[in-house]
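Asks: Could you have a look at this structure, given as structure tokens, before my questions?
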Amino acid sequence: MAASETALRVMDGRHPDAPQQKDLDKCVHCGLCLNACPTYRELGVEMDSPRGRIYQMVQVATGAAPMNEGYLEHMSLCLGCRACETACPSGVQYGKLIEAARTEIQARAPKPFPWKQVEDFAFGTLLVSPWMLRLMGAGLWLYQKSGLESLVRNTGLIKLLGPMAKIEHLTPEAQLPSFYSKYGKVYFAEGKRKYRVAMLGGCIANVFFARLHEATVRVLQKNGCEVVVPAAQVCCGALHAHAGRREETRALARQNIDALLMTDFDAIISNTGGCGATLKEYDEILEHDAAYHDKAKRFVAKMKDVNEFLASIELNPKMGRIERRVTYQDSCHLCHGQKVKAAPRKLLKSIPGLDFVEMPASDVCCGSAGIYNVVENDMAEQILASKMKNANSVQPEQIASSNPGCMIQLTAGCKTHGAGKLKNNPEPVKHIVELLDEAYRKA
């Protein structure tokens, strides 16, 4: 038996977080999910469709097929965008199934050296360490601002990065000071206070999207919110959940619940579609935790995406005009995970002067998908090229988004595939909250 097959041998018993038969049985294999799946649209391969992946999960669950390298490849190539959930008439919770499959893979087929050690450091240390993220951000800021980044790119030294050279263009701009500097602070409402809300910063976004977070606070203040940034909050655990690191996700969920339920808020706000989907599933993540399940339900009841929250209140109309043609790319986890689709469009249409135009297939993934565009870069680039054809077809000047990961991917897409005014815009992609902030500043 080859060493790789030995590493993938089927072990006695199943992992407690493996896909459950009752969830697998919901799939009736009708195939309505196929065209919704980005990997199937690109490859036309049944095993890289939701139906095909569920079939493979069933085979592994019943022992009819081994957890071999082919199974791992098909599970890894899934973006976890959950578009299939929107298309499914049977209510299959595919997002739950793919995360469960990856959790079982983590336990039964761990990555070889050194990739396991790299992954353990990234998820177990870096993402959960504010001081380490701040240090990383400061080092990257210095690299970018000193001109060293331009030198490396323009002289061809970038080739020394080897395989990493392919993804270097996805590196976002590090921002100082990071949003961690706002932790533990309270920002008072402008005018009469109508709501008291908590603002979640996340982890990587605190370093690379600090200005977006600040804009979110300002927009909330403009709309009568007193904004609290709890000091004890931690990473939401979304990336851990997507990678199958379920126990780490649970530990982070407990910390956030403890940090945010200590104070009574009208809402807990996230401006990140991917984070928000996981935050809204804390009750499911902790469903077997007797000490936290009820607390998780109370937490989830208060969770709101910033678009969802702002669209539900009487929005402050005192905005200046933005004369710009803008299209919108749905965040997969906001649209398909949180089922929030109308709210972002309502907010865009509320901005005076803004010419909002729908993008064809706006709810098809852009290829970002957490760290997917890093670990499955070839497929991510293929999906991005298709996305940019749709974006260019409506001739926008700017693309609006609701998720930082999508913003990184789409910005890279605009540089390589953008057309017309979109390609020449120094800020081709903006979060909806940033557009609202710009309008309020012009008033």
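Labels used: A, B, ... for chains in the order of the structure tokens, numbers from 1 for residues in each chain, and numbers from 1 for ligands as shown.
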Using only C-alpha atoms, tabulate the residues of segment 256-362 of chain A lying at most 10 Å from any atom of segment 91-97 of chain A, each with its closest atom pair and that distance in Å to one decimal, by chain and increasing residue number, as CSV.
Replies:
residue,atom,partner,partner_atom,distance
A:Glu281,CA,A:Lys96,CA,9.9
A:Glu284,CA,A:Lys96,CA,9.4
A:Ile285,CA,A:Lys96,CA,9.6
A:His333,CA,A:Gly95,CA,9.8
A:His336,CA,A:Gly95,CA,9.7
A:Gly337,CA,A:Gly95,CA,8.1
Asks: Give me the residues within 12 Å of Val60 of chain A as a PDB file with C-alpha atoms, in the first residue's frame, counting only C-alpha atoms and dropping any in the same chain fewer than 3 places off.
Replies:
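Saved the output as result-v9.pdb:
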ATOM      1  CA  ARG A   9      -6.905   4.613   5.459  1.00  0.00           C
ATOM      2  CA  VAL A  10     -10.460   4.317   6.775  1.00  0.00           C
ATOM      3  CA  MET A  11     -10.476   4.265  10.575  1.00  0.00           C
ATOM      4  CA  GLY A  13     -15.950   4.494  13.725  1.00  0.00           C
ATOM      5  CA  ARG A  14     -16.986   7.915  12.428  1.00  0.00           C
ATOM      6  CA  HIS A  15     -16.109  11.360  13.664  1.00  0.00           C
ATOM      7  CA  ALA A  18     -19.089  13.868  10.244  1.00  0.00           C
ATOM      8  CA  PRO A  19     -22.022  14.361   7.829  1.00  0.00           C
ATOM      9  CA  GLN A  20     -25.170  12.949   9.430  1.00  0.00           C
ATOM     10  CA  GLN A  21     -27.328  10.500   7.526  1.00  0.00           C
ATOM     11  CA  LEU A  24     -27.594  13.491   3.590  1.00  0.00           C
ATOM     12  CA  ARG A  53     -20.275  15.680  -3.614  1.00  0.00           C
ATOM     13  CA  ILE A  54     -23.236  14.562  -1.495  1.00  0.00           C
ATOM     14  CA  TYR A  55     -23.188  11.218  -3.335  1.00  0.00           C
ATOM     15  CA  GLN A  56     -19.535  10.833  -2.384  1.00  0.00           C
ATOM     16  CA  MET A  57     -20.288  11.751   1.243  1.00  0.00           C
ATOM     17  CA  GLY A  63     -18.341   2.448   3.885  1.00  0.00           C
ATOM     18  CA  ALA A  64     -19.084   1.811   0.206  1.00  0.00           C
ATOM     19  CA  ALA A  65     -16.089   3.926  -0.806  1.00  0.00           C
ATOM     20  CA  PRO A  66     -12.849   4.884   0.948  1.00  0.00           C
ATOM     21  CA  MET A  67     -11.853   8.398   1.947  1.00  0.00           C
ATOM     22  CA  ASN A  68      -9.210   8.503  -0.760  1.00  0.00           C
ATOM     23  CA  GLY A  70     -10.065  11.744  -5.093  1.00  0.00           C
ATOM     24  CA  TYR A  71     -12.623  12.357  -2.362  1.00  0.00           C
ATOM     25  CA  LEU A  72     -10.337  14.895  -0.700  1.00  0.00           C
ATOM     26  CA  ALA A 101     -17.122  16.487   5.572  1.00  0.00           C
ATOM     27  CA  GLU A 104     -14.019  14.456   9.265  1.00  0.00           C
ATOM     28  CA  ILE A 105     -11.204  14.869   6.745  1.00  0.00           C
ATOM     29  CA  ARG A 108      -8.971  11.157   9.527  1.00  0.00           C
TER      30      ARG A 108
END
Asks: Report as an NGL selection string all protein, DNA and RNA residues lying within 12 Å of Lys192 of chain A, evaluated on only C-alpha atoms, omitting residues in the same chain fewer than 4 positions from it.
Replies: :A and (188 or 196 or 221-226)
Asks: Excluding Pro177 of chain A and any residue of its chain fewer than 6 positions from it, enumerate the residues within 10 Å of it, using only C-alpha atoms, and give them as a list of chain:residue names.
Replies: A:Arg134, A:Gly137, A:Ala138, A:Asn206, A:Val207, A:Ala210, A:Arg211
Asks: With only C-alpha atoms as the basis for distance, which of A:Ala419, A:Ala412, A:Ala205, A:Ile371 is at the shortest distance from Cys78 of chain A?
Replies: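 Once distances to Cys78 of chain A are computed over only C-alpha atoms, the minimum belongs to A:Ile371.
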Asks: Could you please write out, as a PyMOL selection string, every residue of segment 300-373 of chain A that DSSP assigns to strand (DSSP E or B)?
Replies: chain A and resi 303-305+324-328+354-356
Asks: Grab the residues selected above and save them as a PDB file, in the first residue's frame with C-alpha atoms.
Replies:
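Okay, this is what ended up in part.pdb:
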ATOM      1  CA  MET A 303     -26.993  39.239  14.935  1.00  0.00           C
ATOM      2  CA  LYS A 304     -27.491  41.512  11.928  1.00  0.00           C
ATOM      3  CA  ASP A 305     -25.502  42.197   8.823  1.00  0.00           C
ATOM      4  CA  ARG A 324     -21.608  57.159 -10.539  1.00  0.00           C
ATOM      5  CA  ARG A 325     -22.703  54.006 -12.357  1.00  0.00           C
ATOM      6  CA  VAL A 326     -22.447  51.152  -9.856  1.00  0.00           C
ATOM      7  CA  THR A 327     -23.217  47.451 -10.043  1.00  0.00           C
ATOM      8  CA  TYR A 328     -23.419  44.986  -7.153  1.00  0.00           C
ATOM      9  CA  LEU A 354     -26.150  56.829  -7.905  1.00  0.00           C
ATOM     10  CA  ASP A 355     -27.003  54.901 -11.079  1.00  0.00           C
ATOM     11  CA  PHE A 356     -27.463  51.330  -9.862  1.00  0.00           C
TER      12      PHE A 356
END
Asks: Quick one: everything within 10 Å of Asn373 of chain A, counting only C-alpha atoms, minus sequence neighbours fewer than 5 positions away in the same chain. Send it as a PyMOL selection string.
Replies: chain A and resi 79+167+170+366-368+378-381+383-384+405+408-409
Asks: With N, CA and C atoms retained, write the just-selected residues as a PDB file, in the first residue's frame.
Replies:
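Result written to out25.pdb:
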ATOM      1  N   LEU A  79     -16.277  25.564  -3.221  1.00  0.00           N
ATOM      2  CA  LEU A  79     -16.100  26.907  -2.663  1.00  0.00           C
ATOM      3  C   LEU A  79     -16.872  27.104  -1.361  1.00  0.00           C
ATOM      4  N   ILE A 167      -0.161  34.200  -6.268  1.00  0.00           N
ATOM      5  CA  ILE A 167      -1.210  34.803  -5.440  1.00  0.00           C
ATOM      6  C   ILE A 167      -0.792  36.130  -4.821  1.00  0.00           C
ATOM      7  N   LEU A 170      -2.990  39.207  -4.854  1.00  0.00           N
ATOM      8  CA  LEU A 170      -4.177  39.251  -4.008  1.00  0.00           C
ATOM      9  C   LEU A 170      -3.914  39.925  -2.664  1.00  0.00           C
ATOM     10  N   CYS A 366     -17.618  34.843  -6.833  1.00  0.00           N
ATOM     11  CA  CYS A 366     -16.523  35.507  -7.542  1.00  0.00           C
ATOM     12  C   CYS A 366     -15.222  34.710  -7.464  1.00  0.00           C
ATOM     13  N   GLY A 367     -15.197  33.672  -6.604  1.00  0.00           N
ATOM     14  CA  GLY A 367     -13.998  32.849  -6.476  1.00  0.00           C
ATOM     15  C   GLY A 367     -13.167  33.149  -5.249  1.00  0.00           C
ATOM     16  N   SER A 368     -13.615  34.076  -4.411  1.00  0.00           N
ATOM     17  CA  SER A 368     -12.868  34.411  -3.200  1.00  0.00           C
ATOM     18  C   SER A 368     -13.021  33.304  -2.158  1.00  0.00           C
ATOM     19  N   ASP A 378      -6.033  28.354  -9.163  1.00  0.00           N
ATOM     20  CA  ASP A 378      -6.336  28.164 -10.582  1.00  0.00           C
ATOM     21  C   ASP A 378      -7.839  28.191 -10.839  1.00  0.00           C
ATOM     22  N   MET A 379      -8.595  27.456 -10.036  1.00  0.00           N
ATOM     23  CA  MET A 379     -10.046  27.449 -10.193  1.00  0.00           C
ATOM     24  C   MET A 379     -10.632  28.813  -9.844  1.00  0.00           C
ATOM     25  N   ALA A 380     -10.105  29.454  -8.790  1.00  0.00           N
ATOM     26  CA  ALA A 380     -10.593  30.776  -8.393  1.00  0.00           C
ATOM     27  C   ALA A 380     -10.413  31.788  -9.516  1.00  0.00           C
ATOM     28  N   GLU A 381      -9.273  31.722 -10.211  1.00  0.00           N
ATOM     29  CA  GLU A 381      -9.013  32.646 -11.311  1.00  0.00           C
ATOM     30  C   GLU A 381      -9.950  32.380 -12.489  1.00  0.00           C
ATOM     31  N   ILE A 383     -13.003  31.170 -12.269  1.00  0.00           N
ATOM     32  CA  ILE A 383     -14.319  31.673 -11.854  1.00  0.00           C
ATOM     33  C   ILE A 383     -14.344  33.197 -11.913  1.00  0.00           C
ATOM     34  N   LEU A 384     -13.235  33.822 -11.497  1.00  0.00           N
ATOM     35  CA  LEU A 384     -13.148  35.285 -11.509  1.00  0.00           C
ATOM     36  C   LEU A 384     -13.234  35.839 -12.931  1.00  0.00           C
ATOM     37  N   GLY A 405     -13.527  39.836   1.688  1.00  0.00           N
ATOM     38  CA  GLY A 405     -12.878  38.840   0.849  1.00  0.00           C
ATOM     39  C   GLY A 405     -13.239  39.016  -0.608  1.00  0.00           C
ATOM     40  N   ILE A 408     -11.330  41.962  -2.157  1.00  0.00           N
ATOM     41  CA  ILE A 408      -9.954  41.643  -2.568  1.00  0.00           C
ATOM     42  C   ILE A 408      -9.954  40.957  -3.927  1.00  0.00           C
ATOM     43  N   GLN A 409     -10.819  39.958  -4.068  1.00  0.00           N
ATOM     44  CA  GLN A 409     -10.887  39.195  -5.307  1.00  0.00           C
ATOM     45  C   GLN A 409     -11.339  40.057  -6.483  1.00  0.00           C
TER      46      GLN A 409
END
Asks: Report, in Å with one decimal, the straight-line distance from atom CA of Met262 of chain A to atom CA of Leu212 of chain A.
Replies: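 Pair atom CA of Met262 of chain A / atom CA of Leu212 of chain A returns 26.1 Å.
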Asks: List the spatial neighbours of Ala36 of chain A as a PyMOL selection string - criterion: any atom at most 8 Å away, only C-alpha atoms, same-chain residues fewer than 6 positions off excluded.
Replies: chain A and resi 83-84+87+364
Asks: Go ahead and write the selection's residues with N, CA and C atoms as a PDB file, in the first residue's frame.
Replies:
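Result saved to result.pdb:
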ATOM      1  N   ALA A  83     -24.672  28.475  -2.933  1.00  0.00           N
ATOM      2  CA  ALA A  83     -25.662  28.836  -3.943  1.00  0.00           C
ATOM      3  C   ALA A  83     -26.628  27.678  -4.178  1.00  0.00           C
ATOM      4  N   CYS A  84     -26.146  26.463  -3.980  1.00  0.00           N
ATOM      5  CA  CYS A  84     -26.992  25.284  -4.144  1.00  0.00           C
ATOM      6  C   CYS A  84     -28.136  25.277  -3.137  1.00  0.00           C
ATOM      7  N   ALA A  87     -30.934  27.206  -4.561  1.00  0.00           N
ATOM      8  CA  ALA A  87     -31.573  26.500  -5.682  1.00  0.00           C
ATOM      9  C   ALA A  87     -32.328  25.254  -5.249  1.00  0.00           C
ATOM     10  N   VAL A 364     -23.667  34.527  -8.320  1.00  0.00           N
ATOM     11  CA  VAL A 364     -22.700  33.450  -8.551  1.00  0.00           C
ATOM     12  C   VAL A 364     -21.367  33.887  -7.965  1.00  0.00           C
TER      13      VAL A 364
END
Asks: Report the residues of segment 115-240 of chain A whose backbone DSSP state falls under alpha helix (DSSP H), written as a ChimeraX atom specification.
Replies: /A:115-121,130-145,148-154,204-208,210-222,238-240
Asks: Those same residues, written as a short mmCIF file (atom, residue, chain, number, x, y, z; two decimals), in the first residue's frame with C-alpha atoms?
Replies:
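File written: again-v6.cif
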data_model
loop_
_atom_site.label_atom_id
_atom_site.label_comp_id
_atom_site.auth_asym_id
_atom_site.auth_seq_id
_atom_site.Cartn_x
_atom_site.Cartn_y
_atom_site.Cartn_z
CA TRP A 115 1.40 21.86 5.35
CA LYS A 116 -0.27 20.66 8.55
CA GLN A 117 2.11 22.76 10.64
CA VAL A 118 1.52 25.82 8.44
CA GLU A 119 -2.25 25.37 8.72
CA ASP A 120 -2.08 24.81 12.48
CA PHE A 121 -0.11 28.04 12.88
CA PRO A 130 -4.50 40.30 17.85
CA TRP A 131 -0.91 41.29 18.67
CA MET A 132 0.44 38.92 16.01
CA LEU A 133 -2.01 40.22 13.39
CA ARG A 134 -1.05 43.79 14.27
CA LEU A 135 2.64 42.92 13.95
CA MET A 136 2.02 41.23 10.60
CA GLY A 137 0.04 44.27 9.44
CA ALA A 138 2.78 46.68 10.49
CA GLY A 139 5.45 44.66 8.69
CA LEU A 140 3.37 44.43 5.52
CA TRP A 141 2.53 48.16 5.69
CA LEU A 142 6.25 48.97 5.84
CA TYR A 143 6.92 46.62 2.91
CA GLN A 144 4.20 48.26 0.83
CA LYS A 145 4.85 51.90 1.73
CA LEU A 148 9.96 47.49 -1.63
CA GLU A 149 6.76 45.88 -2.90
CA SER A 150 6.96 47.85 -6.17
CA LEU A 151 10.64 46.96 -6.52
CA VAL A 152 9.93 43.25 -6.07
CA ARG A 153 7.12 43.37 -8.62
CA ASN A 154 8.82 45.54 -11.25
CA ILE A 204 -7.85 39.91 9.33
CA ALA A 205 -10.34 42.67 8.49
CA ASN A 206 -9.09 44.65 11.50
CA VAL A 207 -5.73 44.96 9.74
CA PHE A 208 -6.68 45.19 6.05
CA ALA A 210 -9.73 49.16 9.24
CA ARG A 211 -11.03 52.15 7.24
CA LEU A 212 -14.11 50.15 6.21
CA HIS A 213 -14.79 49.36 9.87
CA GLU A 214 -14.44 53.04 10.75
CA ALA A 215 -16.82 53.99 7.94
CA THR A 216 -19.30 51.44 9.33
CA VAL A 217 -19.14 53.07 12.74
CA ARG A 218 -19.71 56.54 11.21
CA VAL A 219 -22.70 55.39 9.15
CA LEU A 220 -24.25 53.76 12.20
CA GLN A 221 -23.69 56.96 14.19
CA LYS A 222 -25.38 58.97 11.42
CA ALA A 238 -15.75 31.38 10.03
CA LEU A 239 -12.47 30.41 8.38
CA HIS A 240 -11.98 27.68 10.97
#
Asks: Residues at most 7 Å from Lys280 of chain A, counting only C-alpha atoms, excluding those fewer than 2 positions away in the same chain, as a PyMOL selection string?
Replies: chain A and resi 276-278+282+300+303
Asks: Okay, now the selection with C-alpha atoms, as a short mmCIF file (atom, residue, chain, number, x, y, z; two decimals), in the first residue's frame?
Replies:
data_model
loop_
_atom_site.label_atom_id
_atom_site.label_comp_id
_atom_site.auth_asym_id
_atom_site.auth_seq_id
_atom_site.Cartn_x
_atom_site.Cartn_y
_atom_site.Cartn_z
CA GLY A 276 -22.01 37.03 9.61
CA ALA A 277 -23.17 33.67 8.26
CA THR A 278 -21.09 31.80 10.82
CA TYR A 282 -23.57 29.79 16.61
CA VAL A 300 -28.04 34.78 17.07
CA MET A 303 -26.99 39.24 14.93
#
